[in-house]
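J.: The following block contains the structure, expressed as structure tokens.
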Amino acid sequence: MSENFKAILIEDTDAGAVAALKEITIEDLPDRDVLVEVRYSSLNYKDGLALGGNRSKVARTLPMVGGIDLAGTVVESRSPEWKAGDQVLVNGWGMSESNWGGYSMYQRVDPGWLVRLPDAFTPQQAMAIGTAGYTAALCVNALEKWGALPDGGGDVLVTGAAGGVGSVAIALLAAQGQRVTASTGRADSHDYLRGLGAHATLDRNELSSKGRPLQKERWSCAIDSVGSSTLVNVLAQTAYGGAVAACGLAGGPDLPGTVLPHILRGVALLGVDSVMAPMPLREAAWARLARDLKPELLADMTRVEPMSQIIDQAGEILAGRVQGRVVVDVT
Ligand code: NDP
């Protein structure tokens, strides 16, 4: 175990909260029961907010080690559930908000946060999935549990399609036999989205302005990571008895709509949270990913970056310029 190691620390300075690559030691880590040697983390929209944007609203206590995900190997454990050598991952649980996170070569975490690394994935692949991909799986599972995923396949919409949640959602839904329409603002991502299994693409501008409260019924169900008027239009276009799994706010946190899709068409709005999701939901999401996500598609949507690049990449993800997933090599 090296004396000093690298971590991205968000610290209070005269200029406000500032993120920087620093050296820390094992003694600096919080006193939690399981010490993990982190191999990879990932970059999500929330990491962008924590490092590059609205820091105070994500990293609520400072100093904070960023990174809402980690994958690696248990080094020491005071819990009987875990032993040295176990391969594990963590998503959420307030990491980078009120608990130190995965942008660090070592981290201490609570035993109840850990998921055993599925046999199907290496640590790098697990972080190619990361919170974004695991949330996409939570959304698919929520739609399935609600009975909104058509058995023989139907028309399903994914918004924020070229982003992390959207990319994995398309791959999972296509693997399930759904005809996926990918809503995107990037014309140059159409080939990429079709490669993931999208049947058609839709310009996101068609969904972003105020529309009628009830529109033509186009979708059996949908996964939305954009929010705001986009989500309102998606609800207005969802077929009778359908459902929309909503997990994101890339287009804004407001919901400027009416109750009409809900009370006249029985459309359900299923809220999806990844951070505090109970363990059975997490395990079911990872089981779906292990079963349905083809490794070659995962490779197509992923690039690996060193920690030294992540503060710059945080700005890129907030600007909507990151396609697919970014894995963070913390070594
Ligand atoms: P990404 O930045 O990778 O993807 C977001 C995508 O949304 C972009 O790629 C873009 O897609 C689209 N988008 C961006 N800005 C706008 C805009 N102004 N209007 C319309 N579309 C826009 O982020 P993630 O996939 O990591 O996360 C997506 C969202 O889901 C975020 O809001 C994130 O906070 C949320 N999230 C929530 C979780 C939860 O627990 N509830 C967990 C994980 C994520 P395109 O280029 O194709 O148009």
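Quick note on naming: the chains in the structure tokens go A, B, ... in the order shown, residues restart at 1 in each chain, and ligands are numbered from 1 in order of appearance.
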Name the residues of segment 91-167 of chain A that fall into alpha helix (DSSP H) according to DSSP on the backbone, using the chain letters and numbers of this document, as a PyMOL selection string.
T.: chain A and resi 123-146+164-167
J.: Residues contacting ligand 1 - anything with an atom at most 6 Å away, using only C-alpha atoms and all ligand atoms - can you give me those as a short mmCIF file (atom, residue, chain, number, x, y, z; two decimals) with C-alpha atoms, in the first residue's frame?
T.:
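What ended up in out18.cif:
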data_model
loop_
_atom_site.label_atom_id
_atom_site.label_comp_id
_atom_site.auth_asym_id
_atom_site.auth_seq_id
_atom_site.Cartn_x
_atom_site.Cartn_y
_atom_site.Cartn_z
CA ASN A 44 -21.36 10.87 -14.77
CA TYR A 45 -23.36 14.07 -15.19
CA LYS A 46 -23.43 14.43 -11.39
CA THR A 131 -24.07 4.86 -12.24
CA ALA A 132 -25.39 5.93 -15.66
CA THR A 135 -29.61 3.68 -13.61
CA GLY A 160 -30.80 12.10 -23.87
CA ALA A 161 -29.95 9.16 -26.10
CA ALA A 162 -26.24 9.76 -26.77
CA GLY A 163 -25.47 10.33 -23.08
CA GLY A 164 -24.51 7.64 -20.58
CA VAL A 165 -27.96 6.69 -19.31
CA GLY A 166 -29.43 6.91 -22.81
CA THR A 184 -30.83 13.28 -29.57
CA GLY A 185 -29.56 16.77 -30.29
CA ARG A 186 -26.49 15.43 -32.06
CA SER A 225 -33.02 11.58 -18.60
CA VAL A 226 -33.82 15.16 -19.71
CA CYS A 247 -34.32 9.68 -13.86
CA GLY A 248 -32.68 12.90 -15.05
CA LEU A 249 -32.68 16.66 -15.44
CA ALA A 250 -30.14 17.31 -18.21
CA GLY A 251 -32.68 19.74 -19.74
CA VAL A 272 -36.04 6.36 -10.55
CA ASP A 273 -33.30 7.08 -8.00
CA SER A 274 -29.95 5.30 -8.07
CA VAL A 275 -28.24 6.87 -5.04
CA ILE A 317 -20.16 16.44 -19.81
CA GLY A 320 -23.43 17.86 -23.42
#
J.: For Ser189 of chain A, which of A:Lys145, A:Lys22, A:Arg321, A:Lys57 is the closest residue, counting only C-alpha atoms?
T.: A:Arg321
J.: Please measure the separation of atom CA of Thr302 of chain A and atom CA of Asp110 of chain A, giving the value in Å to one decimal.
T.: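 So the two atoms, atom CA of Thr302 of chain A and atom CA of Asp110 of chain A, lie 28.5 Å apart.
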J.: Using 8 Å as the limit and counting only C-alpha atoms, can you tabulate each residue of segment 85-169 of chain A that touches segment 294-300 of chain A, with its shortest atom-to-atom distance in Å and the two atoms involved, as JSON lines?
T.:
{"residue": "A:Gln125", "atom": "CA", "partner": "A:Leu298", "partner_atom": "CA", "distance": 7.5}
{"residue": "A:Ala128", "atom": "CA", "partner": "A:Leu298", "partner_atom": "CA", "distance": 7.0}
{"residue": "A:Ile129", "atom": "CA", "partner": "A:Leu298", "partner_atom": "CA", "distance": 7.6}
{"residue": "A:Val168", "atom": "CA", "partner": "A:Leu298", "partner_atom": "CA", "distance": 8.0}
J.: Could you write out the selected residues, including N, CA and C atoms, as a short mmCIF file (atom, residue, chain, number, x, y, z; two decimals), in the first residue's frame?
T.:
data_model
loop_
_atom_site.label_atom_id
_atom_site.label_comp_id
_atom_site.auth_asym_id
_atom_site.auth_seq_id
_atom_site.Cartn_x
_atom_site.Cartn_y
_atom_site.Cartn_z
N GLN A 125 -15.07 -2.75 -17.14
CA GLN A 125 -16.40 -2.82 -17.77
C GLN A 125 -17.49 -2.35 -16.79
N ALA A 128 -17.45 1.18 -16.98
CA ALA A 128 -18.02 1.64 -18.26
C ALA A 128 -19.54 1.72 -18.11
N ILE A 129 -20.09 0.85 -17.33
CA ILE A 129 -21.53 0.91 -17.02
C ILE A 129 -21.75 2.02 -15.99
N VAL A 168 -26.87 3.24 -22.62
CA VAL A 168 -27.07 1.89 -22.04
C VAL A 168 -28.55 1.50 -22.13
#
J.: Would you mind telling me which residue in A:Val156, A:Ile24, A:Leu49, A:Met301 lies nearest to Tyr192 of chain A when using only C-alpha atoms?
T.: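 Checking each candidate against Tyr192 of chain A, we get A:Met301 as the closest.
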J.: Based on DSSP run over this structure's backbone, return all residues of segment 5-57 of chain A in strand (DSSP E or B), as an MDAnalysis selection string.
T.: chainID A and resid 5:13 16:25 34:43
J.: Include N, CA and C atoms and write out the residues we just selected as a compact mmCIF listing (two decimals), in the first residue's frame.
T.:
# COMPACT_ATOMS: atom_id res chain seq x y z
N PHE A 5 -1.02 8.72 -2.25
CA PHE A 5 -1.67 8.32 -3.51
C PHE A 5 -2.55 9.45 -4.00
N LYS A 6 -2.96 9.31 -5.28
CA LYS A 6 -3.68 10.40 -5.95
C LYS A 6 -5.18 10.35 -5.65
N ALA A 7 -5.76 11.54 -5.53
CA ALA A 7 -7.22 11.65 -5.37
C ALA A 7 -7.64 13.01 -5.91
N ILE A 8 -8.86 13.10 -6.40
CA ILE A 8 -9.41 14.41 -6.78
C ILE A 8 -10.18 14.94 -5.59
N LEU A 9 -9.63 16.03 -5.03
CA LEU A 9 -10.23 16.63 -3.82
C LEU A 9 -10.96 17.92 -4.19
N ILE A 10 -12.16 18.06 -3.68
CA ILE A 10 -12.89 19.33 -3.81
C ILE A 10 -12.73 20.03 -2.46
N GLU A 11 -12.10 21.22 -2.49
CA GLU A 11 -11.78 21.91 -1.23
C GLU A 11 -12.33 23.33 -1.23
N ASP A 12 -12.58 23.80 -0.04
CA ASP A 12 -13.01 25.19 0.15
C ASP A 12 -11.80 26.10 0.01
N THR A 13 -11.86 27.06 -0.89
CA THR A 13 -10.76 28.02 -1.02
C THR A 13 -11.35 29.43 -1.00
N GLY A 16 -13.88 29.94 -3.51
CA GLY A 16 -15.02 29.00 -3.47
C GLY A 16 -14.53 27.57 -3.52
N ALA A 17 -15.44 26.62 -3.77
CA ALA A 17 -15.06 25.20 -3.81
C ALA A 17 -14.32 24.92 -5.11
N VAL A 18 -13.13 24.34 -4.99
CA VAL A 18 -12.30 24.09 -6.17
C VAL A 18 -11.83 22.63 -6.16
N ALA A 19 -11.94 21.97 -7.32
CA ALA A 19 -11.49 20.58 -7.44
C ALA A 19 -10.07 20.54 -8.01
N ALA A 20 -9.23 19.68 -7.45
CA ALA A 20 -7.85 19.55 -7.95
C ALA A 20 -7.33 18.15 -7.66
N LEU A 21 -6.39 17.70 -8.50
CA LEU A 21 -5.74 16.41 -8.28
C LEU A 21 -4.68 16.60 -7.18
N LYS A 22 -4.83 15.85 -6.09
CA LYS A 22 -3.94 16.02 -4.93
C LYS A 22 -3.37 14.67 -4.52
N GLU A 23 -2.42 14.71 -3.57
CA GLU A 23 -1.93 13.47 -2.95
C GLU A 23 -2.50 13.39 -1.54
N ILE A 24 -3.01 12.21 -1.18
CA ILE A 24 -3.50 12.02 0.19
C ILE A 24 -2.92 10.69 0.71
N THR A 25 -3.19 10.38 1.99
CA THR A 25 -2.70 9.13 2.57
C THR A 25 -3.88 8.34 3.13
N VAL A 34 -14.70 -1.03 5.39
CA VAL A 34 -14.06 -1.78 4.30
C VAL A 34 -13.14 -0.85 3.51
N LEU A 35 -11.86 -1.24 3.42
CA LEU A 35 -10.89 -0.48 2.63
C LEU A 35 -10.80 -1.13 1.24
N VAL A 36 -11.03 -0.33 0.21
CA VAL A 36 -11.00 -0.84 -1.17
C VAL A 36 -9.84 -0.20 -1.92
N GLU A 37 -9.06 -1.03 -2.62
CA GLU A 37 -8.10 -0.49 -3.58
C GLU A 37 -8.88 -0.24 -4.87
N VAL A 38 -9.07 1.02 -5.18
CA VAL A 38 -9.92 1.37 -6.33
C VAL A 38 -9.09 1.23 -7.60
N ARG A 39 -9.66 0.59 -8.61
CA ARG A 39 -8.95 0.45 -9.89
C ARG A 39 -9.52 1.43 -10.94
N TYR A 40 -10.86 1.49 -10.99
CA TYR A 40 -11.51 2.41 -11.93
C TYR A 40 -12.68 3.10 -11.25
N SER A 41 -12.97 4.32 -11.72
CA SER A 41 -14.22 5.01 -11.39
C SER A 41 -14.85 5.40 -12.72
N SER A 42 -15.82 6.31 -12.70
CA SER A 42 -16.40 6.73 -13.97
C SER A 42 -16.82 8.19 -13.89
N LEU A 43 -17.19 8.75 -15.04
CA LEU A 43 -17.64 10.14 -15.09
C LEU A 43 -19.12 10.15 -15.45
J.: Quick one, how far is atom CA of Met127 of chain A from atom CA of Arg179 of chain A?
T.: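 Atom CA of Arg179 of chain A lies at a distance of 26.9 Å from atom CA of Met127 of chain A.
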J.: If you measure from atom CA of Val140 of chain A to atom CA of Arg212 of chain A, what distance in Å do you get, rounded to one decimal?
T.: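 Separation of atom CA of Val140 of chain A and atom CA of Arg212 of chain A: 27.0 Å.
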J.: Please provide the set of residues having any atom within 7 Å of Ile68 of chain A, restricted to only C-alpha atoms, with same-chain residues fewer than 4 positions apart removed, written as number ranges by chain.
T.: A: 47, 91-92, 95-96, 101-102
J.: For each of A:Met279, A:Val327, A:Ala182, A:Ala245, take the minimum atom-to-atom distance to Ala136 of chain A, counting only C-alpha atoms, then give the residue where this is smallest.
T.: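 Using only C-alpha atoms, the shortest distance to Ala136 of chain A belongs to A:Ala245.
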